[in-house]
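Peer 1: Pasting a structure here, questions to come.
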Amino acid sequence: MVIPVHTNAKDYEIIFKRGILPEVSSYLPGNIRVMIVTDDGVPDFWLESLTVQYPKAPVHVIPNGEASKNFDTYKGILEDMLEHHLSRRDYLIALGGGVVGDLTGFCAATYMRGISWINIPTTTLSQIDSSIGGKTGIDFGGVKNSVGAFWQPEKVFIDPEVLSTLPLRHYRNGMAEALKAGMIRDPELFELFENGDMMDNEEEIIRRALMVKKEVVEKDEREAGLRKILNFGHTAGHAYESYYGFDKYLHGECVAMGMMKMTTDPVTKARLRKVLEKMNLPVSCDADPLKIAEFITHDKKADHDQITVVTVSKIGDCKLETWTTDEVVRRCRV
Ligand SMILES: NC(=O)c1ccc[n+]([C@@H]2O[C@H](COP(=O)([O-])OP(=O)(O)OC[C@H]3O[C@@H](n4cnc5c(N)ncnc54)[C@H](O)[C@@H]3O)[C@@H](O)[C@H]2O)c1
Ligand SMILES: [Zn+2]
């Protein structure tokens, strides 16, 4: 299946097909030179599927994990690109999760004022979330994603087959973002989790989640308004991540707990809780609610005492609400 994505900068396609990885070169121009960027957590045979198609391509392997999304790794990739004389006509290919995708995209955005790149996301999170939107970047100065650029890929290849090797915890982590998409925009997507098995419905879940993100991002590429709804569960989620020093819980796990905080109707909240428990995602934790409230208000300090949050009362129907600091504290206590 081909999902066209329209953006102000360019239109591109997501090729979504099980088993597409060994065929990607047939979708790309024949006369290009490529450099592959991946990390050492991606199993070798996925990389080999790609290198047999591009036997001459240099491969830059970074250590896996968020700690690699930094200036030094970015610099190392750029140095390698220069060393291999990559020109403005050449391509970078990202094979990996969101860390590899964000870094590679940012290198492509900045090398020689911008070259083409191909994204092959290999985690649920990167397939569902980072394959649309054009956000690239690194963590800098202790702040996540503080340096980056909007830079759209030439093509994205989503192969659900590669998820077969993903550790279960990472698998569920990304699925939290698909559940979020259902909560804000697509009740049928939510019901796929509620009534069925996440893994049995994997392809339909990824497809529907992508369609939600596509619709929202196409309407609001630069996060001026509508795109904020994608932050459902993230305002509190980021607070949990900071509270635990980005250590105890993964991003999607924090988003799961954050969604619980931002679901206002008790019946909907009970349905969400049941689904999260079924997915083995956390619904609450031992964090001090007052500290969480502090992180939320500090992080999002906008207009004096107020922050904008995304809430859901009915599944598929979200809204932006303005909460005072007191309201944040009250909600965090519940
Ligand atoms: N650009 C965007 O729009 C966007 C959106 C969401 C998240 N992100 C970024 O994505 C990053 C998180 O991405 P992630 O959750 O994919 O983490 P990740 O890239 O760190 O990957 C998680 C782990 O899975 C391993 N892995 C990857 N593919 C595998 C496979 N097929 N089989 C086995 N292991 C595999 C990796 O080596 C790594 O150890 C964060 O830095 C976040 O900021 C970006
Ligand atoms: Zn997220």
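The way I read the labels, and the way they are meant: chains A, B, ... in the order of the structure tokens, residue 1 as the first residue of every chain, and ligand 1 as the first ligand shown, with later ones counted on from there.
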Applying 7 Å and only C-alpha atoms, which residues near Ile138 (chain A) remain after dropping the ones on its own chain fewer than 5 positions away? List them as a list in words.

Peer 2: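 The residues satisfying every condition are Lys69, Asn70, Phe71, Asp102, Leu103, Asn145, Ser146, Val147 and Gly148 of chain A.
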
Peer 1: Per residue of chain A within 6 Å of ligand 1, record the nearest atom pair and its distance in Å to one decimal, counting only C-alpha atoms and all ligand atoms, with rows in chain order and ascending residue number, as CSV.

Peer 2:
```
residue,atom,partner,partner_atom_place_in_ligand_line,distance
A:Asp39,CA,ligand 1,37 (O),5.5
A:Asp40,CA,ligand 1,37 (O),5.8
A:Gly41,CA,ligand 1,37 (O),3.1
A:Val42,CA,ligand 1,35 (C),4.4
A:Pro43,CA,ligand 1,32 (N),5.8
A:Asn64,CA,ligand 1,37 (O),4.6
A:Gly65,CA,ligand 1,20 (O),4.3
A:Glu66,CA,ligand 1,20 (O),5.4
A:Gly96,CA,ligand 1,27 (C),4.9
A:Gly97,CA,ligand 1,19 (O),3.2
A:Gly98,CA,ligand 1,10 (O),3.1
A:Val99,CA,ligand 1,19 (O),3.9
A:Val100,CA,ligand 1,19 (O),5.7
A:Asp102,CA,ligand 1,1 (N),5.4
A:Thr122,CA,ligand 1,28 (N),4.3
A:Thr123,CA,ligand 1,28 (N),4.7
A:Leu125,CA,ligand 1,16 (O),5.0
A:Ser126,CA,ligand 1,16 (O),4.8
A:Asp129,CA,ligand 1,5 (C),4.9
A:Ser130,CA,ligand 1,3 (O),3.6
A:Gly133,CA,ligand 1,3 (O),5.6
A:Lys135,CA,ligand 1,1 (N),4.2
A:Thr136,CA,ligand 1,1 (N),5.2
A:Val162,CA,ligand 1,31 (N),4.6
A:Leu163,CA,ligand 1,31 (N),4.9
A:Thr165,CA,ligand 1,32 (N),4.1
A:Leu166,CA,ligand 1,32 (N),3.7
```

Peer 1: Just give me the gap between CA of Asn280 (chain A) and CA of Tyr244 (chain A) in Å, one decimal is fine.

Peer 2: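 A separation of 19.2 Å between them.
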
Peer 1: To check your reading of the model: which residues sit at most 7 Å from ligand 2 when counting only C-alpha atoms and all ligand atoms? Write the answer as a PyMOL selection string.

Peer 2: chain A and resi 177+234+251-252+255

Peer 1: Between CA of Tyr54 (chain A) and CA of Ile128 (chain A), what is the distance, to one decimal in Å?

Peer 2: 26.3 Å

Peer 1: When you look at region 190-192 of chain A with a cut-off of 9 Å (counting only C-alpha atoms), what residues show up, excluding the ones that are within fewer than 2 positions of it in the same chain? I need them as a list in words.

Peer 2: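 With the cut-off at 9 Å, the set is Ala178, Leu179, Lys180, Ala181, Gly182, Met183, Asp186, Pro187, Glu188, Glu194, Asn195, Gly196, Asp197, Met198, Asn201, Glu204, Ile205, Leu272, Val275, Ile315 and Gly316 of chain A.
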
Peer 1: Please produce a file of those selected residues containing N, CA and C atoms, as a compact mmCIF listing (two decimals), in the first residue's frame.

Peer 2:
```txt
# COMPACT_ATOMS: atom_id res chain seq x y z
N ALA A 178 -0.04 4.55 18.93
CA ALA A 178 -1.18 4.19 18.07
C ALA A 178 -2.48 4.29 18.88
N LEU A 179 -2.41 3.84 20.13
CA LEU A 179 -3.59 3.93 20.99
C LEU A 179 -3.96 5.40 21.19
N LYS A 180 -2.95 6.24 21.34
CA LYS A 180 -3.18 7.68 21.46
C LYS A 180 -3.93 8.21 20.23
N ALA A 181 -3.49 7.76 19.04
CA ALA A 181 -4.15 8.20 17.81
C ALA A 181 -5.62 7.81 17.83
N GLY A 182 -5.90 6.61 18.32
CA GLY A 182 -7.29 6.17 18.45
C GLY A 182 -8.07 7.03 19.43
N MET A 183 -7.45 7.33 20.54
CA MET A 183 -8.11 8.13 21.58
C MET A 183 -8.52 9.51 21.08
N ASP A 186 -9.83 8.33 16.32
CA ASP A 186 -10.29 7.16 15.58
C ASP A 186 -10.78 6.06 16.53
N PRO A 187 -12.08 6.09 16.86
CA PRO A 187 -12.63 5.10 17.80
C PRO A 187 -12.42 3.66 17.32
N GLU A 188 -12.46 3.43 16.01
CA GLU A 188 -12.29 2.05 15.52
C GLU A 188 -10.88 1.54 15.77
N GLU A 194 -9.04 -2.79 21.94
CA GLU A 194 -9.99 -3.18 22.99
C GLU A 194 -10.57 -4.58 22.75
N ASN A 195 -10.89 -4.86 21.50
CA ASN A 195 -11.59 -6.12 21.21
C ASN A 195 -10.70 -7.22 20.65
N GLY A 196 -9.50 -6.84 20.23
CA GLY A 196 -8.67 -7.86 19.59
C GLY A 196 -7.29 -7.93 20.18
N ASP A 197 -6.42 -8.63 19.47
CA ASP A 197 -5.05 -8.77 19.93
C ASP A 197 -4.17 -7.79 19.14
N MET A 198 -3.38 -7.05 19.88
CA MET A 198 -2.55 -6.00 19.27
C MET A 198 -1.66 -6.55 18.14
N ASN A 201 -3.55 -7.64 14.99
CA ASN A 201 -4.06 -6.50 14.21
C ASN A 201 -2.97 -5.50 13.86
N GLU A 204 -3.15 -3.30 10.54
CA GLU A 204 -4.28 -2.38 10.52
C GLU A 204 -4.08 -1.26 11.55
N ILE A 205 -3.51 -1.61 12.68
CA ILE A 205 -3.24 -0.60 13.72
C ILE A 205 -2.23 0.42 13.20
N LEU A 272 -9.98 2.94 28.89
CA LEU A 272 -8.56 3.14 28.59
C LEU A 272 -7.70 2.30 29.53
N VAL A 275 -7.60 -1.33 28.52
CA VAL A 275 -6.79 -1.58 27.33
C VAL A 275 -5.30 -1.48 27.66
N ILE A 315 -14.09 8.73 23.37
CA ILE A 315 -13.01 8.20 22.52
C ILE A 315 -13.15 8.70 21.07
N GLY A 316 -12.08 9.22 20.54
CA GLY A 316 -12.07 9.74 19.17
C GLY A 316 -12.34 11.23 19.13
```

Peer 1: From the options A:Ser87, A:Thr311, A:Asn119, A:Thr110, which residue's atoms come nearest to Thr38 (chain A), counting only C-alpha atoms?

Peer 2: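 When distances to Thr38 (chain A) are compared using only C-alpha atoms, the smallest one comes from A:Asn119.
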
Peer 1: Please report, as a list of chain:residue names, each residue of region 19-74 of chain A to which DSSP assigns alpha helix (DSSP H) when run on this structure's backbone.

Peer 2: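 Assigned to alpha helix (DSSP H), within region 19-74 of chain A: A:Asp44, A:Phe45, A:Trp46, A:Leu47, A:Glu48, A:Ser49, A:Leu50, A:Thr51, A:Phe71, A:Asp72, A:Thr73, A:Tyr74.
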
Peer 1: Have a look at A:Asp139, A:Glu23, A:Asp305, A:Asp220 and name the one nearest to Asp159 (chain A); count only C-alpha atoms.

Peer 2: A:Glu23

Peer 1: Select from region 117-326 of chain A everything DSSP, run on the backbone, classes as strand (DSSP E), then give the selection as a PyMOL selection string.

Peer 2: chain A and resi 117-121+135-140+143-150+155-158+306-314+317-324

Peer 1: Between A:Val2, A:Cys318, A:Ile206, A:Cys107, which one has atoms that come closest to Met259 (chain A), using only C-alpha atoms?

Peer 2: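 With only C-alpha atoms as the atom set, the closest residue is A:Cys318.
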